[in-house]
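Data first, discussion second: the structure below is written as structure tokens.
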Amino acid sequence: MASQLNQEFSALNISDVLKKKHVGIVVSEWNKEITNALLQGAESTLKEAGIENINIKWVPGSFELPLAAQYLLEYAKVDAVIAIGCLIKGETPHFHYISEAVTQSLSRLNLQYIRPVVYGVLTVENLEQAEERAGGKLGNKGSEAATVAIKMMQLKEEIHNNNGRKKLGF
């Protein structure tokens, strides 16, 4: 896995400027075995890319992730935030309400703060599906979320440095 990430980061052409970025990670304590594995994947990926300034904050559940992300965006020096949670569908509609609220709230923060707020929240049918996505046979979605944060910070840096003059391919 490390060599695969090294190849991807080489392709991204990570700059010294990007290595100085600060990333916040907000993590839900609910389903902690899963969210801890996702956190380890995200943290490992960020460090492998050379990002050492990582601010990790734990919250009780996934519903609290957007507010914690906003706290980091408002009060901490962060260039991106990764929200990590795990929602497992149960027998009541609660799963749907929480999933929708968290998704919409995190999406709004992206535009409100003009900084990446990355969705690293699993929404799964059962614990087995969560385990498969938290380092199991389907990889680690926390690591993938960190890669998204890196790519989005890099895109912002590229556009900012070129004052928007460089064509992005669309």
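Chain identifiers are assigned as A, B, and so on, following the order in which chains appear in the structure tokens; residues are numbered from 1 within each chain, and ligands are numbered from 1 in order of appearance.
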Name the residues in contact with Gly120 (chain A) at a cut-off of 9 Å, using only C-alpha atoms, excluding same-chain residues fewer than 5 positions from it; report them as a ChimeraX atom specification.
/A:38,82-86,141-146
Go ahead and save the residues from that selection, with N, CA and C atoms, as a CSV table (one decimal), in the first residue's frame.
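Saved the output as part.csv:
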chain,number,residue,atom,x,y,z
A,38,LEU,N,-10.3,4.2,10.4
A,38,LEU,CA,-10.4,5.3,9.4
A,38,LEU,C,-9.4,6.4,9.7
A,82,ILE,N,-11.1,17.0,7.6
A,82,ILE,CA,-11.6,15.6,7.2
A,82,ILE,C,-12.6,15.2,8.3
A,83,ALA,N,-13.8,14.9,7.9
A,83,ALA,CA,-14.8,14.4,8.9
A,83,ALA,C,-14.9,12.9,8.8
A,84,ILE,N,-14.7,12.2,9.9
A,84,ILE,CA,-14.7,10.8,9.9
A,84,ILE,C,-15.8,10.3,10.9
A,85,GLY,N,-16.6,9.4,10.3
A,85,GLY,CA,-17.7,8.8,11.1
A,85,GLY,C,-18.1,7.5,10.5
A,86,CYS,N,-19.0,6.9,11.2
A,86,CYS,CA,-19.6,5.6,10.7
A,86,CYS,C,-21.0,5.5,11.1
A,141,LYS,N,-11.3,4.0,3.7
A,141,LYS,CA,-11.9,5.2,3.2
A,141,LYS,C,-11.3,6.4,3.9
A,142,GLY,N,-10.7,6.2,5.1
A,142,GLY,CA,-10.1,7.4,5.8
A,142,GLY,C,-8.9,7.8,5.0
A,143,SER,N,-8.1,6.8,4.5
A,143,SER,CA,-7.0,7.1,3.6
A,143,SER,C,-7.4,7.8,2.3
A,144,GLU,N,-8.5,7.4,1.8
A,144,GLU,CA,-9.0,8.0,0.5
A,144,GLU,C,-9.5,9.4,0.8
A,145,ALA,N,-10.1,9.7,2.0
A,145,ALA,CA,-10.5,11.0,2.4
A,145,ALA,C,-9.3,12.0,2.5
A,146,ALA,N,-8.2,11.4,3.1
A,146,ALA,CA,-7.0,12.2,3.2
A,146,ALA,C,-6.4,12.6,1.8
Residues near region 123-137 of chain A, anyone? I mean within 12 Å using only C-alpha atoms, not counting same-chain ones fewer than 5 positions away, as a PDB file with N, CA and C atoms, in the first residue's frame.
ATOM      1  N   MET A   1       0.822  -1.185   0.000  1.00  0.00           N
ATOM      2  CA  MET A   1       0.000   0.000   0.000  1.00  0.00           C
ATOM      3  C   MET A   1       0.868   1.251   0.000  1.00  0.00           C
ATOM      4  N   ASN A  31     -19.152   3.983  17.092  1.00  0.00           N
ATOM      5  CA  ASN A  31     -18.517   2.955  16.251  1.00  0.00           C
ATOM      6  C   ASN A  31     -16.999   3.177  16.212  1.00  0.00           C
ATOM      7  N   LYS A  32     -16.437   3.379  17.401  1.00  0.00           N
ATOM      8  CA  LYS A  32     -15.040   3.808  17.547  1.00  0.00           C
ATOM      9  C   LYS A  32     -14.038   2.835  16.923  1.00  0.00           C
ATOM     10  N   GLU A  33     -14.317   1.550  16.938  1.00  0.00           N
ATOM     11  CA  GLU A  33     -13.383   0.599  16.318  1.00  0.00           C
ATOM     12  C   GLU A  33     -13.218   0.909  14.832  1.00  0.00           C
ATOM     13  N   ILE A  34     -14.309   1.258  14.195  1.00  0.00           N
ATOM     14  CA  ILE A  34     -14.277   1.595  12.761  1.00  0.00           C
ATOM     15  C   ILE A  34     -13.660   2.970  12.552  1.00  0.00           C
ATOM     16  N   THR A  35     -14.123   3.963  13.312  1.00  0.00           N
ATOM     17  CA  THR A  35     -13.629   5.322  13.087  1.00  0.00           C
ATOM     18  C   THR A  35     -12.145   5.445  13.447  1.00  0.00           C
ATOM     19  N   ASN A  36     -11.696   4.692  14.407  1.00  0.00           N
ATOM     20  CA  ASN A  36     -10.272   4.713  14.740  1.00  0.00           C
ATOM     21  C   ASN A  36      -9.437   4.156  13.588  1.00  0.00           C
ATOM     22  N   ALA A  37      -9.919   3.090  12.943  1.00  0.00           N
ATOM     23  CA  ALA A  37      -9.211   2.533  11.778  1.00  0.00           C
ATOM     24  C   ALA A  37      -9.206   3.543  10.622  1.00  0.00           C
ATOM     25  N   LEU A  38     -10.309   4.239  10.422  1.00  0.00           N
ATOM     26  CA  LEU A  38     -10.371   5.271   9.380  1.00  0.00           C
ATOM     27  C   LEU A  38      -9.410   6.410   9.703  1.00  0.00           C
ATOM     28  N   LEU A  39      -9.377   6.813  10.966  1.00  0.00           N
ATOM     29  CA  LEU A  39      -8.453   7.864  11.403  1.00  0.00           C
ATOM     30  C   LEU A  39      -7.006   7.451  11.147  1.00  0.00           C
ATOM     31  N   GLN A  40      -6.657   6.231  11.491  1.00  0.00           N
ATOM     32  CA  GLN A  40      -5.289   5.757  11.263  1.00  0.00           C
ATOM     33  C   GLN A  40      -4.937   5.805   9.784  1.00  0.00           C
ATOM     34  N   GLY A  41      -5.880   5.427   8.916  1.00  0.00           N
ATOM     35  CA  GLY A  41      -5.644   5.499   7.478  1.00  0.00           C
ATOM     36  C   GLY A  41      -5.430   6.931   7.007  1.00  0.00           C
ATOM     37  N   ALA A  42      -6.269   7.849   7.499  1.00  0.00           N
ATOM     38  CA  ALA A  42      -6.152   9.251   7.103  1.00  0.00           C
ATOM     39  C   ALA A  42      -4.836   9.848   7.594  1.00  0.00           C
ATOM     40  N   SER A  62     -21.643  11.127  14.854  1.00  0.00           N
ATOM     41  CA  SER A  62     -21.525  11.730  13.522  1.00  0.00           C
ATOM     42  C   SER A  62     -22.315  13.022  13.391  1.00  0.00           C
ATOM     43  N   ILE A  84     -14.667  12.225   9.907  1.00  0.00           N
ATOM     44  CA  ILE A  84     -14.676  10.764   9.915  1.00  0.00           C
ATOM     45  C   ILE A  84     -15.763  10.264  10.851  1.00  0.00           C
ATOM     46  N   GLY A  85     -16.629   9.428  10.306  1.00  0.00           N
ATOM     47  CA  GLY A  85     -17.699   8.841  11.096  1.00  0.00           C
ATOM     48  C   GLY A  85     -18.143   7.529  10.483  1.00  0.00           C
ATOM     49  N   CYS A  86     -19.032   6.855  11.185  1.00  0.00           N
ATOM     50  CA  CYS A  86     -19.565   5.592  10.681  1.00  0.00           C
ATOM     51  C   CYS A  86     -21.014   5.461  11.122  1.00  0.00           C
ATOM     52  N   LEU A  87     -21.902   5.492  10.154  1.00  0.00           N
ATOM     53  CA  LEU A  87     -23.325   5.327  10.408  1.00  0.00           C
ATOM     54  C   LEU A  87     -23.756   3.967   9.865  1.00  0.00           C
ATOM     55  N   ILE A  88     -24.283   3.139  10.764  1.00  0.00           N
ATOM     56  CA  ILE A  88     -24.741   1.806  10.378  1.00  0.00           C
ATOM     57  C   ILE A  88     -26.265   1.789  10.453  1.00  0.00           C
ATOM     58  N   LYS A  89     -26.887   1.404   9.357  1.00  0.00           N
ATOM     59  CA  LYS A  89     -28.341   1.412   9.261  1.00  0.00           C
ATOM     60  C   LYS A  89     -28.949   0.464  10.295  1.00  0.00           C
ATOM     61  N   GLY A  90     -29.946   0.937  10.957  1.00  0.00           N
ATOM     62  CA  GLY A  90     -30.670   0.122  11.931  1.00  0.00           C
ATOM     63  C   GLY A  90     -32.095  -0.109  11.460  1.00  0.00           C
ATOM     64  N   GLU A  91     -32.967  -0.368  12.405  1.00  0.00           N
ATOM     65  CA  GLU A  91     -34.360  -0.681  12.076  1.00  0.00           C
ATOM     66  C   GLU A  91     -35.264   0.542  12.072  1.00  0.00           C
ATOM     67  N   PHE A  95     -31.109   6.548  10.990  1.00  0.00           N
ATOM     68  CA  PHE A  95     -29.955   6.491  10.083  1.00  0.00           C
ATOM     69  C   PHE A  95     -30.099   7.494   8.941  1.00  0.00           C
ATOM     70  N   HIS A  96     -31.287   7.524   8.343  1.00  0.00           N
ATOM     71  CA  HIS A  96     -31.515   8.405   7.191  1.00  0.00           C
ATOM     72  C   HIS A  96     -31.457   9.885   7.594  1.00  0.00           C
ATOM     73  N   TYR A  97     -32.048  10.214   8.738  1.00  0.00           N
ATOM     74  CA  TYR A  97     -32.041  11.602   9.184  1.00  0.00           C
ATOM     75  C   TYR A  97     -30.623  12.081   9.477  1.00  0.00           C
ATOM     76  N   ILE A  98     -29.867  11.266  10.184  1.00  0.00           N
ATOM     77  CA  ILE A  98     -28.506  11.656  10.550  1.00  0.00           C
ATOM     78  C   ILE A  98     -27.619  11.726   9.301  1.00  0.00           C
ATOM     79  N   SER A  99     -27.716  10.727   8.439  1.00  0.00           N
ATOM     80  CA  SER A  99     -26.903  10.712   7.210  1.00  0.00           C
ATOM     81  C   SER A  99     -27.144  11.960   6.376  1.00  0.00           C
ATOM     82  N   GLU A 100     -28.402  12.288   6.173  1.00  0.00           N
ATOM     83  CA  GLU A 100     -28.742  13.452   5.349  1.00  0.00           C
ATOM     84  C   GLU A 100     -28.277  14.750   6.001  1.00  0.00           C
ATOM     85  N   VAL A 102     -25.848  15.274   8.226  1.00  0.00           N
ATOM     86  CA  VAL A 102     -24.390  15.367   8.242  1.00  0.00           C
ATOM     87  C   VAL A 102     -23.864  15.690   6.845  1.00  0.00           C
ATOM     88  N   THR A 103     -24.373  14.995   5.853  1.00  0.00           N
ATOM     89  CA  THR A 103     -23.922  15.197   4.478  1.00  0.00           C
ATOM     90  C   THR A 103     -24.175  16.629   4.021  1.00  0.00           C
ATOM     91  N   GLY A 142     -10.747   6.243   5.085  1.00  0.00           N
ATOM     92  CA  GLY A 142     -10.071   7.351   5.758  1.00  0.00           C
ATOM     93  C   GLY A 142      -8.855   7.800   4.970  1.00  0.00           C
ATOM     94  N   SER A 143      -8.111   6.842   4.462  1.00  0.00           N
ATOM     95  CA  SER A 143      -6.958   7.138   3.609  1.00  0.00           C
ATOM     96  C   SER A 143      -7.417   7.846   2.336  1.00  0.00           C
ATOM     97  N   GLU A 144      -8.504   7.365   1.756  1.00  0.00           N
ATOM     98  CA  GLU A 144      -9.038   8.002   0.546  1.00  0.00           C
ATOM     99  C   GLU A 144      -9.473   9.440   0.833  1.00  0.00           C
ATOM    100  N   ALA A 145     -10.081   9.673   1.990  1.00  0.00           N
ATOM    101  CA  ALA A 145     -10.504  11.030   2.352  1.00  0.00           C
ATOM    102  C   ALA A 145      -9.289  11.951   2.488  1.00  0.00           C
TER     103      ALA A 145
END
Residue list (alpha helix (DSSP H), DSSP) for region 85-168 of chain A, as a PyMOL selection string:
chain A and resi 94-113+127-133+141-161
Could you save those same residues with C-alpha atoms as an mmCIF file, in the first residue's frame?
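New file result37.cif:
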data_model
loop_
_atom_site.group_PDB
_atom_site.id
_atom_site.type_symbol
_atom_site.label_atom_id
_atom_site.label_comp_id
_atom_site.auth_asym_id
_atom_site.auth_seq_id
_atom_site.Cartn_x
_atom_site.Cartn_y
_atom_site.Cartn_z
ATOM 1 C CA HIS A 94 -32.758 7.568 12.470
ATOM 2 C CA PHE A 95 -29.955 6.491 10.083
ATOM 3 C CA HIS A 96 -31.515 8.405 7.191
ATOM 4 C CA TYR A 97 -32.041 11.602 9.184
ATOM 5 C CA ILE A 98 -28.506 11.656 10.550
ATOM 6 C CA SER A 99 -26.903 10.712 7.210
ATOM 7 C CA GLU A 100 -28.742 13.452 5.349
ATOM 8 C CA ALA A 101 -28.116 16.126 7.985
ATOM 9 C CA VAL A 102 -24.390 15.367 8.242
ATOM 10 C CA THR A 103 -23.922 15.197 4.478
ATOM 11 C CA GLN A 104 -25.707 18.477 3.780
ATOM 12 C CA SER A 105 -24.028 20.311 6.655
ATOM 13 C CA LEU A 106 -20.514 19.232 5.656
ATOM 14 C CA SER A 107 -21.240 20.176 2.055
ATOM 15 C CA ARG A 108 -22.303 23.686 3.095
ATOM 16 C CA LEU A 109 -19.085 24.176 5.067
ATOM 17 C CA ASN A 110 -17.008 23.633 1.899
ATOM 18 C CA LEU A 111 -18.612 26.600 0.207
ATOM 19 C CA GLN A 112 -18.978 28.778 3.290
ATOM 20 C CA TYR A 113 -15.308 28.598 4.256
ATOM 21 C CA LEU A 127 -20.791 -3.792 10.590
ATOM 22 C CA GLU A 128 -19.253 -6.120 7.990
ATOM 23 C CA GLN A 129 -19.553 -3.456 5.296
ATOM 24 C CA ALA A 130 -17.944 -0.918 7.638
ATOM 25 C CA GLU A 131 -15.022 -3.253 8.383
ATOM 26 C CA GLU A 132 -14.483 -3.846 4.657
ATOM 27 C CA ARG A 133 -14.126 -0.068 4.170
ATOM 28 C CA LYS A 141 -11.901 5.200 3.193
ATOM 29 C CA GLY A 142 -10.071 7.351 5.758
ATOM 30 C CA SER A 143 -6.958 7.138 3.609
ATOM 31 C CA GLU A 144 -9.038 8.002 0.546
ATOM 32 C CA ALA A 145 -10.504 11.030 2.352
ATOM 33 C CA ALA A 146 -6.985 12.237 3.177
ATOM 34 C CA THR A 147 -5.996 11.887 -0.475
ATOM 35 C CA VAL A 148 -9.030 13.991 -1.447
ATOM 36 C CA ALA A 149 -7.983 16.675 1.065
ATOM 37 C CA ILE A 150 -4.467 16.709 -0.382
ATOM 38 C CA LYS A 151 -5.717 16.990 -3.957
ATOM 39 C CA MET A 152 -8.137 19.792 -3.095
ATOM 40 C CA MET A 153 -5.513 21.777 -1.184
ATOM 41 C CA GLN A 154 -3.185 21.340 -4.124
ATOM 42 C CA LEU A 155 -5.860 22.503 -6.568
ATOM 43 C CA LYS A 156 -6.552 25.613 -4.488
ATOM 44 C CA GLU A 157 -2.823 26.365 -4.279
ATOM 45 C CA GLU A 158 -2.414 25.909 -8.031
ATOM 46 C CA ILE A 159 -5.313 28.210 -8.862
ATOM 47 C CA HIS A 160 -4.255 30.791 -6.278
ATOM 48 C CA ASN A 161 -0.665 30.880 -7.520
#
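Among the candidates A:Ala76, A:Asn140, A:Asp16, A:Ser28, the one nearest to Ile54 (chain A) when counting only C-alpha atoms is A:Ala76.
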As a ChimeraX atom specification, please: every residue in chain A that a backbone DSSP assignment puts in strand (DSSP E).
/A:22-28,53-59,80-88,117-124,134-136,139-140
Selection to disk with N, CA and C atoms, as a tab-separated table (two decimals), in the first residue's frame:
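Contents of the output file part.tsv:
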chain	number	residue	atom	x	y	z
A	22	HIS	N	-1.96	22.75	7.23
A	22	HIS	CA	-2.52	22.24	8.47
A	22	HIS	C	-3.86	21.56	8.15
A	23	VAL	N	-4.02	20.35	8.63
A	23	VAL	CA	-5.25	19.59	8.38
A	23	VAL	C	-5.90	19.24	9.71
A	24	GLY	N	-7.18	19.51	9.81
A	24	GLY	CA	-7.95	19.11	10.97
A	24	GLY	C	-8.72	17.84	10.65
A	25	ILE	N	-8.82	16.97	11.63
A	25	ILE	CA	-9.62	15.75	11.47
A	25	ILE	C	-10.59	15.69	12.65
A	26	VAL	N	-11.87	15.64	12.36
A	26	VAL	CA	-12.89	15.44	13.39
A	26	VAL	C	-13.39	14.00	13.27
A	27	VAL	N	-13.45	13.31	14.41
A	27	VAL	CA	-13.73	11.88	14.40
A	27	VAL	C	-14.85	11.57	15.39
A	28	SER	N	-15.80	10.79	14.94
A	28	SER	CA	-16.90	10.35	15.79
A	28	SER	C	-16.45	9.21	16.71
A	53	ASN	N	1.30	18.67	10.29
A	53	ASN	CA	0.45	19.54	11.10
A	53	ASN	C	-0.99	19.03	11.05
A	54	ILE	N	-1.29	18.10	11.96
A	54	ILE	CA	-2.60	17.44	11.98
A	54	ILE	C	-3.23	17.66	13.35
A	55	ASN	N	-4.43	18.22	13.34
A	55	ASN	CA	-5.16	18.54	14.56
A	55	ASN	C	-6.38	17.60	14.63
A	56	ILE	N	-6.37	16.66	15.57
A	56	ILE	CA	-7.42	15.66	15.68
A	56	ILE	C	-8.33	15.99	16.86
A	57	LYS	N	-9.63	15.99	16.60
A	57	LYS	CA	-10.63	16.25	17.64
A	57	LYS	C	-11.71	15.16	17.57
A	58	TRP	N	-12.06	14.64	18.73
A	58	TRP	CA	-13.09	13.60	18.84
A	58	TRP	C	-14.41	14.23	19.25
A	59	VAL	N	-15.50	13.72	18.70
A	59	VAL	CA	-16.85	14.16	19.05
A	59	VAL	C	-17.69	12.93	19.38
A	80	ALA	N	-7.67	22.43	5.60
A	80	ALA	CA	-8.68	21.45	5.20
A	80	ALA	C	-9.13	20.71	6.46
A	81	VAL	N	-10.33	20.17	6.39
A	81	VAL	CA	-10.86	19.36	7.49
A	81	VAL	C	-11.38	18.05	6.90
A	82	ILE	N	-11.08	16.96	7.58
A	82	ILE	CA	-11.61	15.65	7.21
A	82	ILE	C	-12.57	15.22	8.31
A	83	ALA	N	-13.79	14.90	7.95
A	83	ALA	CA	-14.80	14.43	8.90
A	83	ALA	C	-14.89	12.91	8.79
A	84	ILE	N	-14.67	12.22	9.91
A	84	ILE	CA	-14.68	10.76	9.91
A	84	ILE	C	-15.76	10.26	10.85
A	85	GLY	N	-16.63	9.43	10.31
A	85	GLY	CA	-17.70	8.84	11.10
A	85	GLY	C	-18.14	7.53	10.48
A	86	CYS	N	-19.03	6.86	11.18
A	86	CYS	CA	-19.57	5.59	10.68
A	86	CYS	C	-21.01	5.46	11.12
A	87	LEU	N	-21.90	5.49	10.15
A	87	LEU	CA	-23.32	5.33	10.41
A	87	LEU	C	-23.76	3.97	9.86
A	88	ILE	N	-24.28	3.14	10.76
A	88	ILE	CA	-24.74	1.81	10.38
A	88	ILE	C	-26.27	1.79	10.45
A	117	VAL	N	-13.66	20.53	3.05
A	117	VAL	CA	-14.22	19.77	4.17
A	117	VAL	C	-14.59	18.43	3.56
A	118	VAL	N	-13.80	17.43	3.86
A	118	VAL	CA	-13.87	16.15	3.17
A	118	VAL	C	-14.76	15.17	3.92
A	119	TYR	N	-15.61	14.53	3.18
A	119	TYR	CA	-16.59	13.58	3.71
A	119	TYR	C	-15.95	12.20	3.85
A	120	GLY	N	-15.62	11.84	5.08
A	120	GLY	CA	-15.07	10.53	5.36
A	120	GLY	C	-16.01	9.74	6.27
A	121	VAL	N	-17.30	9.87	6.00
A	121	VAL	CA	-18.32	9.22	6.82
A	121	VAL	C	-18.85	8.00	6.08
A	122	LEU	N	-18.70	6.85	6.70
A	122	LEU	CA	-19.27	5.63	6.12
A	122	LEU	C	-20.76	5.59	6.41
A	123	THR	N	-21.55	5.26	5.42
A	123	THR	CA	-22.98	5.03	5.60
A	123	THR	C	-23.25	3.63	5.04
A	124	VAL	N	-23.37	2.68	5.95
A	124	VAL	CA	-23.39	1.28	5.55
A	124	VAL	C	-24.60	0.55	6.14
A	134	ALA	N	-12.88	0.00	6.25
A	134	ALA	CA	-12.00	0.59	7.26
A	134	ALA	C	-10.72	-0.22	7.37
A	135	GLY	N	-10.16	-0.57	6.22
A	135	GLY	CA	-8.91	-1.32	6.18
A	135	GLY	C	-9.08	-2.75	5.73
A	136	GLY	N	-10.30	-3.12	5.40
A	136	GLY	CA	-10.56	-4.48	4.92
A	136	GLY	C	-10.37	-4.60	3.42
A	139	GLY	N	-10.35	-1.52	1.11
A	139	GLY	CA	-9.41	-0.44	1.38
A	139	GLY	C	-9.78	0.33	2.63
A	140	ASN	N	-9.23	1.53	2.74
A	140	ASN	CA	-9.48	2.37	3.89
A	140	ASN	C	-10.01	3.71	3.40
Considering only C-alpha atoms, return as a PDB file with C-alpha atoms, in the first residue's frame whatever protein or nucleic-acid residues lie within 7 Å of Ile51 (chain A), sequence-local ones (same chain, fewer than 5 positions apart) excluded.
ATOM      1  CA  LYS A  19       3.718  20.064   3.166  1.00  0.00           C
ATOM      2  CA  LYS A  20       3.299  23.144   5.383  1.00  0.00           C
ATOM      3  CA  LYS A  21      -0.484  22.891   5.331  1.00  0.00           C
ATOM      4  CA  LEU A  46      -1.261  12.688   5.382  1.00  0.00           C
TER       5      LEU A  46
END
Point-to-point distance in Å for CA of Thr45 (chain A) and CA of Glu64 (chain A):
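It comes out at 24.2 Å.
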To one decimal place in Å, what is the distance between CA of Glu48 (chain A) and CA of Pro60 (chain A)?
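Interatomic distance here is 28.2 Å.
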Between CA of Ser44 (chain A) and CA of Leu138 (chain A), what distance in Å does the model show, to one decimal?
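About the pair CA of Ser44 (chain A) and CA of Leu138 (chain A): they are 17.1 Å apart.
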